[in-house]
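A.B. asks: Structure provided below as structure tokens; questions to follow.
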Amino acid sequence: MKKILIVDDEPNIVMSLEYTFKKNNFEVFIARDGQEALDILKNALPDIIILDVMMPNVDGYNTLEQIKSDVRLEHTKVIFLSAKNKEKDIERGLALGADLYMTKPFSVKKLVEQVNEIIK
Amino acid sequence: MSSIALLVILSIYLALLFGVAHFAEKRANSKWVNNPYVYTLSLAVYCSAWTYYGSIGVAANSGLNYLPIYIGPIIIIPVWMIVLRKIIRISKINKISSIADFISLRYGNSRFLGALVTLICIFGILPYIALQLKAIAETFHVVTKTTGDSNIFSDTTTYVAIALALFASYYGTRYVDASEQRKGIVTAVAMESVLKLFFFLLLGIYVTFFVFDGFDDIYAQASILEHFKEKNTIGGIPQAINWLFLCVLSLFAIFLLPRQFQMSVVENNRESHIKTAVWLFPLYLVLFNIFVYPVAWGGNILFEGQSVNSDTYSLLIPQLFDNQFIVVLVFLGGFSAAISMIVVSCIGLSTMLSNNLLIPYGFLGRLQSDFQETNNKKIVNIRKVGIFSLIILSYIIYRVFVLEYNLFSIGMVAFVIIAQLAPAFFGAILWKRGSKKGAITGMIIGFIFCMYTLLIPYAIGISDFDSSFITNGLFGIELLRPFQLFGIDYLEPVPQALFWSMLFNIMSYLAVSVSFTGNYRERNYAEMYVDIDQYMATNESNFIWKGTANTTDIQKVLNRFLGEERTKRALNLFRLKYQVEKIEELADARLIKFAENLLTGHIGTASAKILISSVVKEEKITLPEVMKILEESKENILINKKLTETSKELNAITAQLKKANADLILKDKQKDEFLDTISHELRTPITAIRAATEILHDNDDVPEEMKKQFLSNIITESDRLNRLITKILDLEKFDSGMQKIYVTKNNIYHTISETINQLQQLIDNKKITIDLISQKNIVKAFYDEDRITQVLNNLLSNAIKFCPNQDGTIAIFVKETEQIIEVAIEDNGKGIDENDFEAVFEKFYQSSNQNIRKPVGSGLGLAICKKIIEHHNGRIWAENSVNSGARITFTIPKYSRLNQKNT
């Protein structure tokens, strides 16, 4: 069973994502900001992480930087899922090493397809 | 009173004087020393012992004749102010330290002219100083009831003269640079001026109101005396002309007397002080003259038929009534008047003597030492010896010529001699064509006339009253009678001498100046003197000079008098003034003038020029060339001024544009960020709605419970979207000015209670304790209740949100003053970062990191609150409370000038 970590501070969005990935046979972890995500990652080793950018305490970019500096997470894929849809935001996200940058609002179906594609 | 007692009093008085001078030197920068009143009072050195005793003598013997001496200066004062300012400017710029410097510099640094002026001054002033000594001696004998002593060692005047000589030579030569100010002397003189006036008024009041019964009483008793009437009317035209000449004479004196020049020009440290002098000085003279008449005629009444010296009435009257106290005070007043005149005159004269006579004609060669200290010591010594010998010389004149004339006539002779400087002096600042040759010729011819019509007959008159020279004229020619020269017999000797000497002086000055034009240097200075205001800022640039000179040579000369340290500093100043990177190896005209100025204070203008000329090679310039260069430099100054102004304006405009541009860029960036944030905030609920909808659409197998939850989320997020749009529009209304505030009289206590009720559900959910703390439950003010409710709702919602989940408390404080009401809302949450106290009121306030979200809700609430409060003319601010929770306070005025809703 593949493991997925969802990091977002909007509970209603998280709820939809949680429902969808559970339905697609993922083990789902949830964090409400970057700090919580990093705490979870100390124990868990997900296959993929879905990361929001604008979050309280530690933002998405910062979180990714720390993920990338952790050797244990070398093979973990990361998808940004953010309402920040400017060119420079996307470029920055990809430059930091994200596998995909998806903008909100998004198609649930397409997200699931992309996730499956990436972790194949 | 015994001589010893009086001497003791005198010694104490002199010690006090030393004390004041010493104090002022020590505190040279204090405002007690540097103020327009001290300056004006120091000008009152004009009132010497002659005024103090002599006017009474004149008033007693010849009635109103004493008045012109004071009327002259009083009439001229308004003009004096303008002319004096000009003279002060010229003198400051050129570092002029005496009237001899002033005149000789204008006529091309003329060594001869400086020396001539000096000699005329010494000739005029020495007898005048002798006169002061005579006054001291005579009054001393009157007070002590002794007679003069022919033995100089037992004559008290000898010791007084020596003491004065020491005082003046010590305090008068503190600075080598004679254009420096002598604060000690000035302050001592100012104090003496106060004392002499005070004592004189005291005497006047004593005589008028205690000895007699007021002015009327004196007049009544005097009018029955012999000659009263003829002495107190101006007898026809001849008498009026006499009067006029005396007025003119004293008018010259106020400018030309070395002591007046010293006090009004050299010792002036601020031009603005003239403004006070312009009213205070005439007032001083008027006050001094109020009681002259009553005292004089009081004396005439009391001593009728007795042969007493009317000059000493002021002492004799109190003495007659045995009032020793008044006698001593009057004596001290007269003593003050005499010594201030002596000291200041000697300082002025000795500067001239050293800088314009001794140094340029002989001692300059001795000042060639390479050591500054040695040279300066020599200069100071020359001046010290100068002052000392001048006083002693005056003393000798006093002893040898046993001055038989009264105070008044000797003073007048001095005035006439000094008046010979007038044409050259006034020509210097008014007439550009006045030349050195003209000035010298005028002065010499005027002086010769003076000798013939005044000095020689007076000198003869001492021993031979019936001299045939006086009664029959030179070689028995009647036209050449000195007192009735060329047959004019209705003028008194002094006005007559003034008339003839001035007439010939002015005529020769004009005639020679017009016939022989001066050299280029004279013309150069003529321009700078007459149009000083134009040249003021750029003094050295207007000096015209052609030739070759090595800067190092000039520097060497300066070193000899200023020392290396000061020379370096001075040259640095020069560089700064003209913004030259480095002083060129070859000196230009500006540097030469600058160097001359530096030396002038030490050794006088003539010597300065001689010294500088000795190390440079000057080329002749023709007069037309000078005029051309001056014209050009004037034009250049104008053009430069215009250019500077234009470039200043351009700079200002550029700065404004830059600022406007920076503001625009900032605004643009803020707008971008605002749009960014808004789109992000709008997309978030849409995202939630879209995701939930898609799940419901694509999956038929969603459990019922989940389905309900998704639908409820869609409703919540739609509401959120709607609220957000409302707030954005609200804010936009405030920003565009469309939002109107309608104020009515309301009770804030009530409004707050209502708002709490609206939020009661949220408060109960989080189990928050809420306290509303107010002194009264009716606190009224004018405001828009809907809008203030919106503010309170927002602030309370935030407070509720930030309260900890357990033991949350919110306190609301209501206060009122006369003008405002104040509401503070405080929670016990985490508080606000100090750096964000102001930022929290910005739209979508973000902390330094833009990607960190603040859980404040939409990010627009506080921005709207601020807009509402500001529209009420109130204030809102954030801080942290004592328990470190957040505290937001707002005030609104009780009575607003805003539109009130029509009800």
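Simple scheme: letters A, B, ... for chains in structure tokens order, numbers from 1 for residues in each chain, numbers from 1 for ligands in the order shown.
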List the neighbours of A:Lys68 out to 12 Å using only C-alpha atoms; skip same-chain residues closer than 2 positions along the sequence, and give me the result as a list in words.

C.D. replies: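 Counting only C-alpha atoms, the residues come to Leu38, Leu41, Tyr61, Asn62, Thr63, Leu64, Glu65, Gln66, Asp70, Val71, Arg72, Leu73, Glu74, His75, Thr76, Lys77, Val78, Ala95, Leu96, Gly97, Ala98 and Asp99 of chain A.
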
A.B. asks: Near chain A, which residues of chain B fall within 10 Å when you count only C-alpha atoms, and what do they look like as number ranges by chain?

C.D. replies: B: 676-677, 679-696, 698-699, 702, 706, 709-710, 712-714, 716-717, 849-855

A.B. asks: Just the helix (DSSP H, G or I) stuff from chain A, please, per backbone DSSP, written as a ChimeraX atom specification.

C.D. replies: /A:11-23,34-43,60-68,71-73,87-95,108-119

A.B. asks: Any chance you can output those residues with C-alpha atoms as a short mmCIF file (atom, residue, chain, number, x, y, z; two decimals), in the first residue's frame?

C.D. replies:
data_model
loop_
_atom_site.label_atom_id
_atom_site.label_comp_id
_atom_site.auth_asym_id
_atom_site.auth_seq_id
_atom_site.Cartn_x
_atom_site.Cartn_y
_atom_site.Cartn_z
CA PRO A 11 -9.66 21.51 6.45
CA ASN A 12 -12.33 21.28 3.72
CA ILE A 13 -9.77 20.76 0.99
CA VAL A 14 -7.94 18.21 3.12
CA MET A 15 -11.20 16.36 3.63
CA SER A 16 -11.76 15.94 -0.11
CA LEU A 17 -8.18 14.83 -0.67
CA GLU A 18 -8.29 12.37 2.21
CA TYR A 19 -11.50 10.80 0.94
CA THR A 20 -10.17 10.52 -2.61
CA PHE A 21 -6.80 8.95 -1.82
CA LYS A 22 -8.21 6.55 0.75
CA LYS A 23 -10.63 5.44 -1.91
CA GLY A 34 4.89 22.65 7.39
CA GLN A 35 5.99 22.06 10.95
CA GLU A 36 3.44 19.31 11.52
CA ALA A 37 4.51 17.71 8.23
CA LEU A 38 8.17 17.66 9.25
CA ASP A 39 7.20 16.15 12.61
CA ILE A 40 5.25 13.39 10.90
CA LEU A 41 8.13 12.75 8.48
CA LYS A 42 10.41 11.93 11.39
CA ASN A 43 8.56 8.65 11.79
CA GLY A 60 5.57 24.99 1.65
CA TYR A 61 8.83 26.11 0.04
CA ASN A 62 10.62 25.98 3.35
CA THR A 63 9.17 22.57 4.10
CA LEU A 64 10.39 21.21 0.75
CA GLU A 65 13.87 22.55 1.35
CA GLN A 66 14.03 20.61 4.60
CA ILE A 67 12.61 17.50 3.00
CA LYS A 68 15.27 17.67 0.31
CA VAL A 71 18.60 11.63 2.87
CA ARG A 72 15.91 9.30 4.15
CA LEU A 73 13.41 11.10 1.95
CA GLU A 87 4.89 31.89 -13.19
CA LYS A 88 7.55 32.80 -10.67
CA ASP A 89 5.81 30.81 -7.90
CA ILE A 90 5.71 27.72 -10.13
CA GLU A 91 9.32 28.16 -11.23
CA ARG A 92 10.44 28.50 -7.65
CA GLY A 93 8.58 25.37 -6.60
CA LEU A 94 10.10 23.29 -9.41
CA ALA A 95 13.55 24.74 -8.84
CA VAL A 108 -9.47 15.61 -8.34
CA LYS A 109 -9.40 13.03 -11.09
CA LYS A 110 -6.41 14.60 -12.76
CA LEU A 111 -4.53 14.85 -9.47
CA VAL A 112 -5.01 11.16 -8.81
CA GLU A 113 -3.76 10.37 -12.33
CA GLN A 114 -0.68 12.52 -11.88
CA VAL A 115 0.10 11.00 -8.49
CA ASN A 116 -0.14 7.52 -9.90
CA GLU A 117 2.01 8.50 -12.85
CA ILE A 118 4.72 9.92 -10.63
CA ILE A 119 5.01 7.07 -8.17
#

A.B. asks: Would you please give, as a compact mmCIF listing (two decimals) with C-alpha atoms, in the first residue's frame, all residues of stretch 613-812 of chain B that DSSP assigns to strand (DSSP E) based on the backbone?

C.D. replies:
# COMPACT_ATOMS: atom_id res chain seq x y z
CA VAL B 616 55.90 88.69 -5.30
CA LYS B 617 56.56 90.24 -8.67
CA GLU B 618 53.68 92.47 -9.58
CA THR B 744 -26.10 60.04 15.54
CA LYS B 745 -25.91 60.35 19.27
CA ASN B 746 -25.37 56.85 20.71
CA ASN B 747 -24.38 55.12 23.90
CA THR B 769 -15.07 34.91 30.36
CA ILE B 770 -15.92 38.39 29.12
CA ASP B 771 -15.73 41.58 31.26
CA LEU B 772 -17.08 44.94 30.24
CA ILE B 773 -15.40 47.53 32.47
CA SER B 774 -16.81 51.04 32.48
CA LYS B 780 -22.57 58.98 24.87
CA ALA B 781 -20.91 60.13 21.69
CA PHE B 782 -21.75 60.90 18.08
CA TYR B 783 -20.98 57.99 15.74
CA THR B 809 -10.75 35.93 29.03
CA ILE B 810 -11.60 39.08 27.18
CA ALA B 811 -11.73 42.48 28.87
CA ILE B 812 -13.35 45.53 27.33

A.B. asks: When you draw a straight line from atom CA of B:Leu430 to atom CA of B:Ile347, how long is it in Å?

C.D. replies: 27.9 Å

A.B. asks: Would you work out the distance separating atom CA of B:Ile122 from atom CA of B:Arg383, expressed in Å to one decimal?

C.D. replies: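 Value for the atom CA of B:Ile122-atom CA of B:Arg383 distance: 14.3 Å.
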
A.B. asks: Mind giving me the straight-line distance from atom CA of B:Tyr206 to atom CA of B:Ile9 in Å, one decimal?

C.D. replies: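 One can read the atom CA of B:Tyr206 to atom CA of B:Ile9 distance as 21.7 Å.
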
A.B. asks: Env of B:Lys183: 7 Å cut, atoms = only C-alpha atoms, seq-sep filter 3 positions within chain, self excluded. Answer as a count of residues only.

C.D. replies: 6

A.B. asks: For B:Ile800, please output as a list in words all residues within 8 Å (counting only C-alpha atoms; exclusion window: fewer than 4 positions along the same chain).

C.D. replies: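 Residues meeting the cut-off are Leu762, Ile763, Lys766, Ile768, Leu796, Ile810 and Asp827 of chain B.
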
A.B. asks: Go ahead and write the residues just picked, N, CA and C atoms, as a PDB file, in the first residue's frame.

C.D. replies:
ATOM      1  N   LEU B 762     -20.442  32.135  20.018  1.00  0.00           N
ATOM      2  CA  LEU B 762     -19.015  31.813  19.878  1.00  0.00           C
ATOM      3  C   LEU B 762     -18.311  31.846  21.228  1.00  0.00           C
ATOM      4  N   ILE B 763     -18.705  32.850  22.040  1.00  0.00           N
ATOM      5  CA  ILE B 763     -18.080  33.015  23.353  1.00  0.00           C
ATOM      6  C   ILE B 763     -18.375  31.795  24.234  1.00  0.00           C
ATOM      7  N   LYS B 766     -16.425  28.595  23.320  1.00  0.00           N
ATOM      8  CA  LYS B 766     -15.023  28.510  23.736  1.00  0.00           C
ATOM      9  C   LYS B 766     -14.881  28.708  25.244  1.00  0.00           C
ATOM     10  N   ILE B 768     -15.368  31.378  27.134  1.00  0.00           N
ATOM     11  CA  ILE B 768     -14.547  32.549  27.417  1.00  0.00           C
ATOM     12  C   ILE B 768     -15.259  33.443  28.437  1.00  0.00           C
ATOM     13  N   LEU B 796     -13.863  41.849  18.493  1.00  0.00           N
ATOM     14  CA  LEU B 796     -14.252  40.788  19.424  1.00  0.00           C
ATOM     15  C   LEU B 796     -14.054  39.413  18.804  1.00  0.00           C
ATOM     16  N   ILE B 810     -11.644  37.855  27.979  1.00  0.00           N
ATOM     17  CA  ILE B 810     -11.603  39.080  27.177  1.00  0.00           C
ATOM     18  C   ILE B 810     -12.066  40.210  28.079  1.00  0.00           C
ATOM     19  N   ASP B 827      -7.322  40.485  24.955  1.00  0.00           N
ATOM     20  CA  ASP B 827      -7.522  39.044  25.172  1.00  0.00           C
ATOM     21  C   ASP B 827      -6.319  38.501  25.915  1.00  0.00           C
TER      22      ASP B 827
END

A.B. asks: Tell me which protein, DNA and RNA residues are within 9 Å of B:Leu571, counting only C-alpha atoms, leaving out same-chain ones fewer than 6 positions away, and put them as a short mmCIF file (atom, residue, chain, number, x, y, z; two decimals) with N, CA and C atoms, in the first residue's frame.

C.D. replies:
data_model
loop_
_atom_site.label_atom_id
_atom_site.label_comp_id
_atom_site.auth_asym_id
_atom_site.auth_seq_id
_atom_site.Cartn_x
_atom_site.Cartn_y
_atom_site.Cartn_z
N GLN B 555 53.47 81.84 2.00
CA GLN B 555 53.28 81.02 3.20
C GLN B 555 54.36 81.34 4.24
N ILE B 583 46.21 74.17 -3.30
CA ILE B 583 46.62 75.52 -3.66
C ILE B 583 47.77 75.43 -4.66
N LEU B 591 44.51 84.65 -3.48
CA LEU B 591 45.38 84.24 -2.38
C LEU B 591 46.17 85.43 -1.85
N PHE B 594 43.92 87.48 0.23
CA PHE B 594 43.64 86.71 1.44
C PHE B 594 44.81 86.84 2.42
N ALA B 595 46.03 86.72 1.89
CA ALA B 595 47.22 86.82 2.73
C ALA B 595 47.35 88.22 3.31
#

A.B. asks: What lies within 8 Å of A:Ile50 using only C-alpha atoms, ignoring chain neighbours under 4 positions off, as a list of chain:residue names?

C.D. replies: A:Ile4, A:Leu5, A:Ile6, A:Val7, A:Val78, A:Ile79, A:Phe80, A:Leu81

A.B. asks: Could you write out the selected residues, including C-alpha atoms, as a compact mmCIF listing (two decimals), in the first residue's frame?

C.D. replies:
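File result-v5.txt, as written:
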# COMPACT_ATOMS: atom_id res chain seq x y z
CA ILE A 4 0.69 9.73 0.91
CA LEU A 5 1.18 12.82 3.13
CA ILE A 6 -1.26 15.68 2.60
CA VAL A 7 -0.06 19.08 3.90
CA VAL A 78 6.59 15.90 -3.91
CA ILE A 79 3.70 17.67 -5.61
CA PHE A 80 2.92 21.32 -4.89
CA LEU A 81 -0.77 22.09 -4.78

A.B. asks: Taking only C-alpha atoms into account, which of B:Ala59, B:Leu244, B:Ala428, B:Ile93 comes nearest B:Phe499?

C.D. replies: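 Among the listed residues, the smallest separation from B:Phe499 belongs to B:Leu244.
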